[in-house]
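With compact mmCIF, N, CA and C atoms and all ligand atoms inside, this is structure-v2.txt:
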# COMPACT_ATOMS: atom_id res chain seq x y z
N MET V 1 15.88 29.05 176.62
CA MET V 1 14.91 29.82 177.39
C MET V 1 14.09 28.86 178.28
N ASN V 2 13.87 29.30 179.51
CA ASN V 2 13.16 28.45 180.45
C ASN V 2 11.65 28.60 180.27
N GLU V 3 11.00 27.53 179.88
CA GLU V 3 9.55 27.59 179.62
C GLU V 3 8.73 27.17 180.83
N CYS V 4 9.39 27.02 181.97
CA CYS V 4 8.67 26.53 183.16
C CYS V 4 7.73 27.62 183.71
N LEU V 5 6.47 27.25 183.89
CA LEU V 5 5.45 28.19 184.39
C LEU V 5 5.86 28.79 185.74
N PHE V 6 6.31 27.96 186.65
CA PHE V 6 6.61 28.48 188.00
C PHE V 6 7.89 29.30 188.00
N CYS V 7 8.86 28.98 187.14
CA CYS V 7 10.04 29.84 187.03
C CYS V 7 9.62 31.21 186.51
N LYS V 8 8.65 31.23 185.59
CA LYS V 8 8.16 32.52 185.07
C LYS V 8 7.43 33.31 186.16
N ILE V 9 6.72 32.60 187.02
CA ILE V 9 6.05 33.28 188.14
C ILE V 9 7.10 33.87 189.09
N ILE V 10 8.14 33.11 189.40
CA ILE V 10 9.21 33.63 190.27
C ILE V 10 9.84 34.88 189.65
N ALA V 11 10.03 34.83 188.34
CA ALA V 11 10.68 35.96 187.64
C ALA V 11 9.73 37.14 187.45
N GLY V 12 8.45 36.95 187.78
CA GLY V 12 7.48 38.03 187.61
C GLY V 12 7.00 38.19 186.17
N GLU V 13 7.32 37.21 185.32
CA GLU V 13 6.89 37.29 183.91
C GLU V 13 5.43 36.86 183.77
N ILE V 14 4.95 36.09 184.74
CA ILE V 14 3.54 35.72 184.80
C ILE V 14 3.06 36.17 186.18
N PRO V 15 1.89 36.86 186.24
CA PRO V 15 1.45 37.39 187.52
C PRO V 15 1.03 36.29 188.49
N SER V 16 1.20 36.57 189.76
CA SER V 16 0.73 35.63 190.79
C SER V 16 0.36 36.44 192.02
N GLN V 17 -0.36 35.81 192.92
CA GLN V 17 -0.68 36.43 194.21
C GLN V 17 0.40 35.98 195.18
N LYS V 18 1.46 36.76 195.23
CA LYS V 18 2.62 36.40 196.06
C LYS V 18 2.33 36.64 197.54
N ILE V 19 2.76 35.68 198.35
CA ILE V 19 2.57 35.77 199.79
C ILE V 19 3.90 36.05 200.50
N TYR V 20 4.96 35.42 200.00
CA TYR V 20 6.25 35.45 200.71
C TYR V 20 7.36 35.10 199.73
N GLU V 21 8.52 35.66 200.00
CA GLU V 21 9.70 35.32 199.19
C GLU V 21 10.94 35.47 200.05
N ASP V 22 11.88 34.56 199.90
CA ASP V 22 13.21 34.79 200.48
C ASP V 22 14.22 34.33 199.44
N GLY V 23 15.47 34.22 199.85
CA GLY V 23 16.51 33.92 198.86
C GLY V 23 16.33 32.59 198.16
N ASP V 24 15.70 31.65 198.83
CA ASP V 24 15.63 30.28 198.30
C ASP V 24 14.24 29.84 197.87
N THR V 25 13.22 30.53 198.36
CA THR V 25 11.85 30.04 198.10
C THR V 25 10.90 31.19 197.74
N PHE V 26 9.75 30.79 197.19
CA PHE V 26 8.72 31.74 196.76
C PHE V 26 7.38 31.08 197.09
N VAL V 27 6.44 31.89 197.60
CA VAL V 27 5.14 31.34 198.00
C VAL V 27 4.04 32.18 197.38
N PHE V 28 3.07 31.54 196.75
CA PHE V 28 1.98 32.26 196.09
C PHE V 28 0.71 31.41 196.14
N LEU V 29 -0.43 32.08 195.91
CA LEU V 29 -1.70 31.36 195.99
C LEU V 29 -1.92 30.48 194.78
N ASP V 30 -2.48 29.31 195.04
CA ASP V 30 -2.90 28.41 193.96
C ASP V 30 -4.16 29.01 193.31
N ILE V 31 -4.22 29.02 191.98
CA ILE V 31 -5.39 29.62 191.31
C ILE V 31 -6.63 28.72 191.39
N GLY V 32 -6.45 27.48 191.79
CA GLY V 32 -7.60 26.59 191.95
C GLY V 32 -7.60 26.03 193.37
N PRO V 33 -7.89 26.87 194.35
CA PRO V 33 -7.70 26.45 195.75
C PRO V 33 -8.69 25.39 196.22
N VAL V 34 -8.21 24.44 196.99
CA VAL V 34 -9.10 23.46 197.62
C VAL V 34 -9.61 24.01 198.95
N SER V 35 -8.96 25.06 199.44
CA SER V 35 -9.41 25.72 200.67
C SER V 35 -8.95 27.17 200.60
N ARG V 36 -9.57 28.03 201.42
CA ARG V 36 -9.18 29.43 201.41
C ARG V 36 -7.74 29.57 201.92
N GLY V 37 -6.89 30.17 201.10
CA GLY V 37 -5.50 30.35 201.48
C GLY V 37 -4.56 29.27 200.94
N HIS V 38 -5.11 28.37 200.11
CA HIS V 38 -4.28 27.31 199.51
C HIS V 38 -3.11 27.96 198.76
N ALA V 39 -1.91 27.66 199.23
CA ALA V 39 -0.72 28.29 198.65
C ALA V 39 0.26 27.22 198.19
N LEU V 40 1.15 27.62 197.31
CA LEU V 40 2.20 26.73 196.83
C LEU V 40 3.54 27.29 197.30
N ILE V 41 4.31 26.45 197.95
CA ILE V 41 5.65 26.82 198.42
C ILE V 41 6.63 26.18 197.45
N ILE V 42 7.44 27.00 196.79
CA ILE V 42 8.33 26.43 195.78
C ILE V 42 9.77 26.89 195.98
N PRO V 43 10.72 26.01 195.72
CA PRO V 43 12.12 26.43 195.72
C PRO V 43 12.37 27.30 194.48
N LYS V 44 13.27 28.27 194.61
CA LYS V 44 13.60 29.09 193.43
C LYS V 44 14.44 28.30 192.43
N GLU V 45 15.20 27.36 192.95
CA GLU V 45 16.01 26.52 192.07
C GLU V 45 15.08 25.64 191.24
N HIS V 46 15.20 25.69 189.92
CA HIS V 46 14.32 24.85 189.11
C HIS V 46 14.72 23.39 189.19
N ALA V 47 13.75 22.55 189.47
CA ALA V 47 13.90 21.10 189.31
C ALA V 47 12.49 20.59 189.07
N SER V 48 12.34 19.55 188.28
CA SER V 48 11.00 19.10 187.92
C SER V 48 10.25 18.53 189.11
N ASP V 49 10.99 18.00 190.07
CA ASP V 49 10.33 17.45 191.26
C ASP V 49 11.34 17.39 192.40
N LEU V 50 10.84 17.07 193.56
CA LEU V 50 11.66 17.13 194.78
C LEU V 50 12.94 16.30 194.66
N ASN V 51 12.81 15.10 194.12
CA ASN V 51 13.96 14.21 194.11
C ASN V 51 14.95 14.50 192.99
N SER V 52 14.53 15.32 192.02
CA SER V 52 15.47 15.75 190.98
C SER V 52 16.26 16.97 191.42
N GLY V 53 15.79 17.63 192.47
CA GLY V 53 16.45 18.84 192.94
C GLY V 53 17.45 18.54 194.04
N THR V 54 18.05 19.59 194.55
CA THR V 54 19.07 19.42 195.59
C THR V 54 18.43 19.21 196.95
N GLU V 55 19.22 18.66 197.84
CA GLU V 55 18.75 18.52 199.23
C GLU V 55 18.51 19.90 199.83
N GLU V 56 19.33 20.87 199.44
CA GLU V 56 19.17 22.24 199.97
C GLU V 56 17.81 22.81 199.58
N ALA V 57 17.40 22.57 198.33
CA ALA V 57 16.10 23.10 197.89
C ALA V 57 14.96 22.43 198.65
N ALA V 58 15.10 21.14 198.88
CA ALA V 58 14.06 20.41 199.63
C ALA V 58 13.97 20.96 201.05
N LEU V 59 15.12 21.17 201.68
CA LEU V 59 15.12 21.66 203.06
C LEU V 59 14.61 23.10 203.13
N ALA V 60 14.95 23.90 202.13
CA ALA V 60 14.51 25.30 202.11
C ALA V 60 12.98 25.37 202.01
N THR V 61 12.39 24.46 201.27
CA THR V 61 10.94 24.43 201.13
C THR V 61 10.28 24.19 202.49
N MET V 62 10.81 23.22 203.21
CA MET V 62 10.25 22.91 204.52
C MET V 62 10.57 24.01 205.54
N ARG V 63 11.73 24.63 205.40
CA ARG V 63 12.09 25.73 206.31
C ARG V 63 11.09 26.88 206.16
N THR V 64 10.73 27.18 204.92
CA THR V 64 9.78 28.26 204.69
C THR V 64 8.42 27.91 205.29
N LEU V 65 7.99 26.67 205.11
CA LEU V 65 6.74 26.25 205.73
C LEU V 65 6.81 26.50 207.25
N HIS V 66 7.91 26.10 207.85
CA HIS V 66 8.07 26.24 209.30
C HIS V 66 8.04 27.70 209.72
N ARG V 67 8.62 28.55 208.89
CA ARG V 67 8.67 29.99 209.22
C ARG V 67 7.31 30.66 209.14
N ILE V 68 6.49 30.28 208.17
CA ILE V 68 5.32 31.11 207.88
C ILE V 68 3.97 30.50 208.25
N ALA V 69 3.93 29.18 208.44
CA ALA V 69 2.62 28.51 208.56
C ALA V 69 1.77 29.06 209.70
N SER V 70 2.36 29.21 210.90
CA SER V 70 1.55 29.61 212.06
C SER V 70 0.94 30.99 211.84
N ARG V 71 1.73 31.91 211.32
CA ARG V 71 1.22 33.27 211.12
C ARG V 71 0.16 33.29 210.02
N LEU V 72 0.33 32.46 209.00
CA LEU V 72 -0.69 32.42 207.94
C LEU V 72 -2.01 31.89 208.48
N LEU V 73 -1.92 30.83 209.28
CA LEU V 73 -3.15 30.27 209.86
C LEU V 73 -3.86 31.32 210.70
N LYS V 74 -3.09 32.02 211.52
CA LYS V 74 -3.68 33.02 212.41
C LYS V 74 -4.38 34.10 211.59
N SER V 75 -3.73 34.57 210.54
CA SER V 75 -4.32 35.67 209.76
C SER V 75 -5.61 35.24 209.07
N LEU V 76 -5.70 33.97 208.73
CA LEU V 76 -6.88 33.46 208.01
C LEU V 76 -7.99 32.99 208.95
N GLY V 77 -7.64 32.80 210.22
CA GLY V 77 -8.60 32.20 211.14
C GLY V 77 -8.69 30.70 210.92
N ALA V 78 -7.65 30.13 210.31
CA ALA V 78 -7.61 28.68 210.09
C ALA V 78 -7.05 28.00 211.34
N THR V 79 -7.39 26.74 211.50
CA THR V 79 -6.99 26.05 212.73
C THR V 79 -6.16 24.79 212.46
N GLY V 80 -5.91 24.52 211.19
CA GLY V 80 -5.09 23.36 210.84
C GLY V 80 -4.69 23.48 209.38
N TYR V 81 -3.91 22.53 208.91
CA TYR V 81 -3.59 22.54 207.48
C TYR V 81 -3.21 21.16 206.99
N ASN V 82 -3.36 20.99 205.69
CA ASN V 82 -2.86 19.79 205.01
C ASN V 82 -1.70 20.20 204.11
N LEU V 83 -0.75 19.28 203.96
CA LEU V 83 0.32 19.46 202.99
C LEU V 83 0.16 18.41 201.92
N GLY V 84 0.56 18.75 200.69
CA GLY V 84 0.49 17.75 199.63
C GLY V 84 1.58 17.98 198.61
N MET V 85 2.06 16.89 198.05
CA MET V 85 3.00 17.01 196.94
C MET V 85 2.71 15.88 195.96
N ASN V 86 2.31 16.26 194.76
CA ASN V 86 2.08 15.26 193.72
C ASN V 86 3.39 15.08 192.98
N HIS V 87 3.91 13.88 193.02
CA HIS V 87 5.27 13.65 192.52
C HIS V 87 5.22 12.73 191.31
N GLY V 88 5.54 13.31 190.14
CA GLY V 88 5.57 12.51 188.91
C GLY V 88 4.21 12.40 188.26
N LEU V 89 4.22 12.08 186.97
CA LEU V 89 2.97 11.97 186.19
C LEU V 89 1.96 11.06 186.87
N ASP V 90 2.43 9.92 187.30
CA ASP V 90 1.50 8.96 187.92
C ASP V 90 1.10 9.35 189.33
N GLY V 91 1.80 10.34 189.87
CA GLY V 91 1.41 10.91 191.16
C GLY V 91 0.45 12.07 191.00
N GLY V 92 0.09 12.36 189.74
CA GLY V 92 -0.87 13.44 189.50
C GLY V 92 -0.23 14.81 189.38
N GLN V 93 1.09 14.85 189.18
CA GLN V 93 1.77 16.15 189.06
C GLN V 93 1.46 16.76 187.70
N ASP V 94 1.06 18.04 187.71
CA ASP V 94 0.74 18.76 186.47
C ASP V 94 1.81 19.77 186.11
N VAL V 95 2.40 20.39 187.12
CA VAL V 95 3.42 21.41 186.86
C VAL V 95 4.76 20.86 187.34
N PHE V 96 5.71 20.81 186.40
CA PHE V 96 6.97 20.13 186.72
C PHE V 96 8.04 21.10 187.20
N HIS V 97 7.70 21.73 188.29
CA HIS V 97 8.64 22.51 189.11
C HIS V 97 8.20 22.19 190.54
N THR V 98 9.10 21.68 191.34
CA THR V 98 8.77 21.24 192.71
C THR V 98 7.85 22.22 193.41
N HIS V 99 6.76 21.71 193.98
CA HIS V 99 5.89 22.60 194.77
C HIS V 99 5.20 21.81 195.87
N LEU V 100 5.11 22.47 197.01
CA LEU V 100 4.45 21.90 198.17
C LEU V 100 3.12 22.63 198.35
N HIS V 101 2.02 21.87 198.30
CA HIS V 101 0.70 22.47 198.52
C HIS V 101 0.50 22.67 200.02
N PHE V 102 0.16 23.91 200.39
CA PHE V 102 -0.17 24.25 201.79
C PHE V 102 -1.66 24.60 201.80
N MET V 103 -2.46 23.76 202.45
CA MET V 103 -3.92 23.91 202.38
C MET V 103 -4.49 24.14 203.78
N PRO V 104 -4.76 25.40 204.12
CA PRO V 104 -5.31 25.71 205.44
C PRO V 104 -6.66 25.04 205.63
N ARG V 105 -6.96 24.69 206.87
CA ARG V 105 -8.26 24.07 207.19
C ARG V 105 -8.90 24.81 208.36
N TYR V 106 -10.20 24.73 208.42
CA TYR V 106 -11.00 25.55 209.33
C TYR V 106 -11.89 24.64 210.18
N ALA V 107 -12.34 25.18 211.32
CA ALA V 107 -13.24 24.41 212.16
C ALA V 107 -14.45 23.97 211.33
N GLY V 108 -14.80 22.72 211.38
CA GLY V 108 -15.95 22.20 210.65
C GLY V 108 -15.67 21.94 209.17
N ASP V 109 -14.43 22.12 208.75
CA ASP V 109 -14.02 21.94 207.34
C ASP V 109 -14.31 20.50 206.91
N ASP V 110 -14.86 20.34 205.70
CA ASP V 110 -15.10 18.96 205.24
C ASP V 110 -13.83 18.31 204.67
N ARG V 111 -12.76 19.09 204.61
CA ARG V 111 -11.44 18.61 204.18
C ARG V 111 -11.47 17.91 202.83
N LYS V 112 -12.26 18.46 201.90
CA LYS V 112 -12.27 17.90 200.55
C LYS V 112 -11.07 18.43 199.76
N PHE V 113 -10.57 17.62 198.86
CA PHE V 113 -9.46 18.06 198.00
C PHE V 113 -10.00 18.35 196.60
N ILE V 114 -11.01 19.21 196.57
CA ILE V 114 -11.64 19.57 195.31
C ILE V 114 -11.33 21.02 195.01
N LYS V 115 -10.83 21.27 193.78
CA LYS V 115 -10.44 22.63 193.43
C LYS V 115 -11.68 23.51 193.23
N ASN V 116 -11.58 24.75 193.71
CA ASN V 116 -12.69 25.71 193.58
C ASN V 116 -12.32 26.81 192.61
N GLU V 117 -13.36 27.32 191.95
CA GLU V 117 -13.16 28.51 191.11
C GLU V 117 -13.32 29.73 192.00
N VAL V 118 -12.30 30.56 192.02
CA VAL V 118 -12.32 31.74 192.89
C VAL V 118 -12.01 32.96 192.02
N SER V 119 -12.71 34.06 192.28
CA SER V 119 -12.50 35.26 191.46
C SER V 119 -11.13 35.86 191.75
N PRO V 120 -10.57 36.56 190.77
CA PRO V 120 -9.28 37.23 191.00
C PRO V 120 -9.34 38.17 192.20
N ASP V 121 -10.48 38.84 192.40
CA ASP V 121 -10.61 39.76 193.55
C ASP V 121 -10.52 39.01 194.87
N GLU V 122 -11.17 37.86 194.92
CA GLU V 122 -11.16 37.08 196.16
C GLU V 122 -9.74 36.56 196.44
N LEU V 123 -9.06 36.09 195.40
CA LEU V 123 -7.68 35.61 195.57
C LEU V 123 -6.79 36.74 196.07
N SER V 124 -6.99 37.90 195.47
CA SER V 124 -6.16 39.05 195.82
C SER V 124 -6.39 39.48 197.27
N GLU V 125 -7.65 39.45 197.70
CA GLU V 125 -7.98 39.82 199.09
C GLU V 125 -7.39 38.79 200.07
N THR V 126 -7.50 37.52 199.73
CA THR V 126 -6.92 36.48 200.60
C THR V 126 -5.41 36.66 200.70
N ALA V 127 -4.76 36.95 199.58
CA ALA V 127 -3.30 37.15 199.59
C ALA V 127 -2.93 38.35 200.45
N ARG V 128 -3.72 39.40 200.37
CA ARG V 128 -3.45 40.61 201.16
C ARG V 128 -3.48 40.27 202.67
N ILE V 129 -4.52 39.54 203.05
CA ILE V 129 -4.67 39.15 204.46
C ILE V 129 -3.47 38.30 204.91
N MET V 130 -3.05 37.39 204.07
CA MET V 130 -1.93 36.50 204.43
C MET V 130 -0.61 37.27 204.51
N ARG V 131 -0.41 38.18 203.57
CA ARG V 131 0.82 39.00 203.62
C ARG V 131 0.85 39.84 204.89
N GLU V 132 -0.30 40.42 205.23
CA GLU V 132 -0.38 41.22 206.46
C GLU V 132 -0.05 40.37 207.68
N GLY V 133 -0.53 39.13 207.66
CA GLY V 133 -0.26 38.21 208.77
C GLY V 133 1.23 37.98 208.95
N LEU V 134 1.97 37.99 207.86
CA LEU V 134 3.41 37.75 207.96
C LEU V 134 4.17 39.00 208.43
N GLU V 135 3.50 40.13 208.37
CA GLU V 135 4.17 41.36 208.84
C GLU V 135 4.12 41.47 210.36
N SER V 136 3.21 40.71 210.97
CA SER V 136 3.06 40.85 212.43
C SER V 136 4.04 39.94 213.16
P1 LIG S 1 0.11 19.69 190.77
O1 LIG S 1 -1.08 18.97 190.19
O2 LIG S 1 0.52 19.20 192.11
O3 LIG S 1 1.25 19.78 189.78
O4 LIG S 1 -0.40 21.16 191.08
C1 LIG S 1 -0.21 22.25 190.25
C2 LIG S 1 -1.02 23.35 190.85
O5 LIG S 1 -0.66 24.55 190.23
C3 LIG S 1 -2.53 23.18 190.67
O6 LIG S 1 -3.16 23.09 191.95
C4 LIG S 1 -2.94 24.44 189.90
O7 LIG S 1 -4.18 24.96 190.32
C5 LIG S 1 -1.79 25.37 190.18
N1 LIG S 1 -1.56 26.36 189.15
C6 LIG S 1 -1.47 26.17 187.81
N2 LIG S 1 -1.20 27.32 187.18
C7 LIG S 1 -1.12 28.28 188.14
C8 LIG S 1 -0.86 29.68 188.13
N3 LIG S 1 -0.64 30.35 186.99
N4 LIG S 1 -0.87 30.35 189.30
C9 LIG S 1 -1.12 29.69 190.47
N5 LIG S 1 -1.33 28.36 190.54
C10 LIG S 1 -1.34 27.66 189.40
ZN ZN S 2 10.84 25.99 187.07
Please re-express this file's structure in structure tokens.
Amino acid sequence: MNECLFCKIIAGEIPSQKIYEDGDTFVFLDIGPVSRGHALIIPKEHASDLNSGTEEAALATMRTLHRIASRLLKSLGATGYNLGMNHGLDGGQDVFHTHLHFMPRYAGDDRKFIKNEVSPDELSETARIMREGLES
């Protein structure tokens, strides 16, 4: 049985604020966002980290970023973004399923990488706005 948290989120066994899904990737909000709209882009193929997975999974992750980033920024009123990937224990990785942090940034943003506590309602509203942005 697969005990991976993110595989369970992909399977819908653990709830998440889903933003986007295609055949190869899944995107959902981080529960401890460093900025409004902080999302995780993950390959559906399980691998503990980018280099343990296939080249196809790595490319699919970046392809999804390329497909959705501009529309997500527009829907949020964000004007830039940071990407991050913590790779390996010593890289600060906590969840061992490859994930790319997508962190929208705003005019005047102090660009801190500090996790915020956000209510489930606020996360849900942010996810709704981002999903709507992808429909346009
Ligand atoms: P990392 O330290 O790069 O492995 O990041 C793991 C990220 O997963 C952290 O930013 C967490 O806030 C996030 N996270 C952990 N559990 C969940 C969850 N159930 N739903 C959404 N994000 C999560
Ligand atoms: Zn997994």
For ligand LIG 1 (chain S), the nearest of the candidates V:Ile31, V:Met130, V:Ala47, V:Ala11, counting only C-alpha atoms and all ligand atoms = V:Ile31
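Between atom C9 of ligand LIG 1 (chain S) and CA of Ser48 (chain V) there is a distance of 16.3 Å.
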Once DSSP has gone over the backbone, tell me which residues of chain V are in strand (DSSP E or B), as an mmCIF file with N, CA and C atoms, in the frame of the given file.
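This is the output file result08.cif:
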data_model
loop_
_atom_site.group_PDB
_atom_site.id
_atom_site.type_symbol
_atom_site.label_atom_id
_atom_site.label_comp_id
_atom_site.auth_asym_id
_atom_site.auth_seq_id
_atom_site.Cartn_x
_atom_site.Cartn_y
_atom_site.Cartn_z
ATOM 1 N N LYS V 18 1.460 36.760 195.230
ATOM 2 C CA LYS V 18 2.620 36.400 196.060
ATOM 3 C C LYS V 18 2.330 36.640 197.540
ATOM 4 N N ILE V 19 2.760 35.680 198.350
ATOM 5 C CA ILE V 19 2.570 35.770 199.790
ATOM 6 C C ILE V 19 3.900 36.050 200.500
ATOM 7 N N TYR V 20 4.960 35.420 200.000
ATOM 8 C CA TYR V 20 6.250 35.450 200.710
ATOM 9 C C TYR V 20 7.360 35.100 199.730
ATOM 10 N N GLU V 21 8.520 35.660 200.000
ATOM 11 C CA GLU V 21 9.700 35.320 199.190
ATOM 12 C C GLU V 21 10.940 35.470 200.050
ATOM 13 N N THR V 25 13.220 30.530 198.360
ATOM 14 C CA THR V 25 11.850 30.040 198.100
ATOM 15 C C THR V 25 10.900 31.190 197.740
ATOM 16 N N PHE V 26 9.750 30.790 197.190
ATOM 17 C CA PHE V 26 8.720 31.740 196.760
ATOM 18 C C PHE V 26 7.380 31.080 197.090
ATOM 19 N N VAL V 27 6.440 31.890 197.600
ATOM 20 C CA VAL V 27 5.140 31.340 198.000
ATOM 21 C C VAL V 27 4.040 32.180 197.380
ATOM 22 N N PHE V 28 3.070 31.540 196.750
ATOM 23 C CA PHE V 28 1.980 32.260 196.090
ATOM 24 C C PHE V 28 0.710 31.410 196.140
ATOM 25 N N LEU V 29 -0.430 32.080 195.910
ATOM 26 C CA LEU V 29 -1.700 31.360 195.990
ATOM 27 C C LEU V 29 -1.920 30.480 194.780
ATOM 28 N N ALA V 39 -1.910 27.660 199.230
ATOM 29 C CA ALA V 39 -0.720 28.290 198.650
ATOM 30 C C ALA V 39 0.260 27.220 198.190
ATOM 31 N N LEU V 40 1.150 27.620 197.310
ATOM 32 C CA LEU V 40 2.200 26.730 196.830
ATOM 33 C C LEU V 40 3.540 27.290 197.300
ATOM 34 N N ILE V 41 4.310 26.450 197.950
ATOM 35 C CA ILE V 41 5.650 26.820 198.420
ATOM 36 C C ILE V 41 6.630 26.180 197.450
ATOM 37 N N ILE V 42 7.440 27.000 196.790
ATOM 38 C CA ILE V 42 8.330 26.430 195.780
ATOM 39 C C ILE V 42 9.770 26.890 195.980
ATOM 40 N N PRO V 43 10.720 26.010 195.720
ATOM 41 C CA PRO V 43 12.120 26.430 195.720
ATOM 42 C C PRO V 43 12.370 27.300 194.480
ATOM 43 N N GLY V 80 -5.910 24.520 211.190
ATOM 44 C CA GLY V 80 -5.090 23.360 210.840
ATOM 45 C C GLY V 80 -4.690 23.480 209.380
ATOM 46 N N TYR V 81 -3.910 22.530 208.910
ATOM 47 C CA TYR V 81 -3.590 22.540 207.480
ATOM 48 C C TYR V 81 -3.210 21.160 206.990
ATOM 49 N N ASN V 82 -3.360 20.990 205.690
ATOM 50 C CA ASN V 82 -2.860 19.790 205.010
ATOM 51 C C ASN V 82 -1.700 20.200 204.110
ATOM 52 N N LEU V 83 -0.750 19.280 203.960
ATOM 53 C CA LEU V 83 0.320 19.460 202.990
ATOM 54 C C LEU V 83 0.160 18.410 201.920
ATOM 55 N N GLY V 84 0.560 18.750 200.690
ATOM 56 C CA GLY V 84 0.490 17.750 199.630
ATOM 57 C C GLY V 84 1.580 17.980 198.610
ATOM 58 N N LEU V 100 5.110 22.470 197.010
ATOM 59 C CA LEU V 100 4.450 21.900 198.170
ATOM 60 C C LEU V 100 3.120 22.630 198.350
ATOM 61 N N HIS V 101 2.020 21.870 198.300
ATOM 62 C CA HIS V 101 0.700 22.470 198.520
ATOM 63 C C HIS V 101 0.500 22.670 200.020
ATOM 64 N N PHE V 102 0.160 23.910 200.390
ATOM 65 C CA PHE V 102 -0.170 24.250 201.790
ATOM 66 C C PHE V 102 -1.660 24.600 201.800
ATOM 67 N N MET V 103 -2.460 23.760 202.450
ATOM 68 C CA MET V 103 -3.920 23.910 202.380
ATOM 69 C C MET V 103 -4.490 24.140 203.780
ATOM 70 N N PRO V 104 -4.760 25.400 204.120
ATOM 71 C CA PRO V 104 -5.310 25.710 205.440
ATOM 72 C C PRO V 104 -6.660 25.040 205.630
ATOM 73 N N ARG V 105 -6.960 24.690 206.870
ATOM 74 C CA ARG V 105 -8.260 24.070 207.190
ATOM 75 C C ARG V 105 -8.900 24.810 208.360
#
Just the residues within 8 Å of Phe113 (chain V), please, counting all atoms listed in the file, with nothing from its chain fewer than 6 positions along; format it as a list in words.
-> Pro33, Val34 and Ser35 of chain V
With all atoms listed in the file as the atoms that count, which of V:Asp94, V:Glu45, V:Glu55, V:Glu122 lies nearest to ligand LIG 1 (chain S)?
->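 Under the stated criterion, the closest residue is V:Asp94.
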So how far away is atom O3 of ligand LIG 1 (chain S) from CA of Gly84 (chain V), in Å?
->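 Atom-to-atom, CA of Gly84 (chain V) to atom O3 of ligand LIG 1 (chain S), that is 10.1 Å.
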So which one's closest to Leu65 (chain V), V:Gly108, V:Tyr81, V:Lys18, V:Ile41? Using all atoms listed in the file, please.
->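 Of V:Gly108, V:Tyr81, V:Lys18, V:Ile41, the one nearest Leu65 (chain V), counting all atoms listed in the file, is V:Ile41.
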Go through V:Met85, V:Val95, V:Ile114, V:Leu40 one by one, measure the shortest atom-to-atom distance of each to ligand ZN 2 (chain S) using all atoms listed in the file, and give the residue with the smallest value.
-> V:Val95
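Proximity ranking of V:Thr79, V:Asn2, V:Ser52, V:Thr64 relative to ligand ZN 2 (chain S) places V:Asn2 first, based on only C-alpha atoms and all ligand atoms.
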Rank V:Asn86, V:Arg131, V:Met103, V:Phe96 by their smallest atom-to-atom distance to ligand ZN 2 (chain S), using all atoms listed in the file, and report the top residue only.
->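 Going through V:Asn86, V:Arg131, V:Met103, V:Phe96 one by one, the smallest distance to ligand ZN 2 (chain S) is for V:Phe96.
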Just give me the gap between CA of Glu125 (chain V) and CA of Arg71 (chain V) in Å, one decimal is fine.
->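 Computing the Euclidean distance for CA of Glu125 (chain V) and CA of Arg71 (chain V) yields 16.5 Å.
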Using the chain letters and numbers from this document, which residues of region 12-95 of chain V does DSSP assign to alpha helix (DSSP H), as a list of chain:residue names?
->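 Of region 12-95 of chain V, the ones in alpha helix (DSSP H) are V:Glu55, V:Glu56, V:Ala57, V:Ala58, V:Leu59, V:Ala60, V:Thr61, V:Met62, V:Arg63, V:Thr64, V:Leu65, V:His66, V:Arg67, V:Ile68, V:Ala69, V:Ser70, V:Arg71, V:Leu72, V:Leu73, V:Lys74, V:Ser75, V:Leu76.
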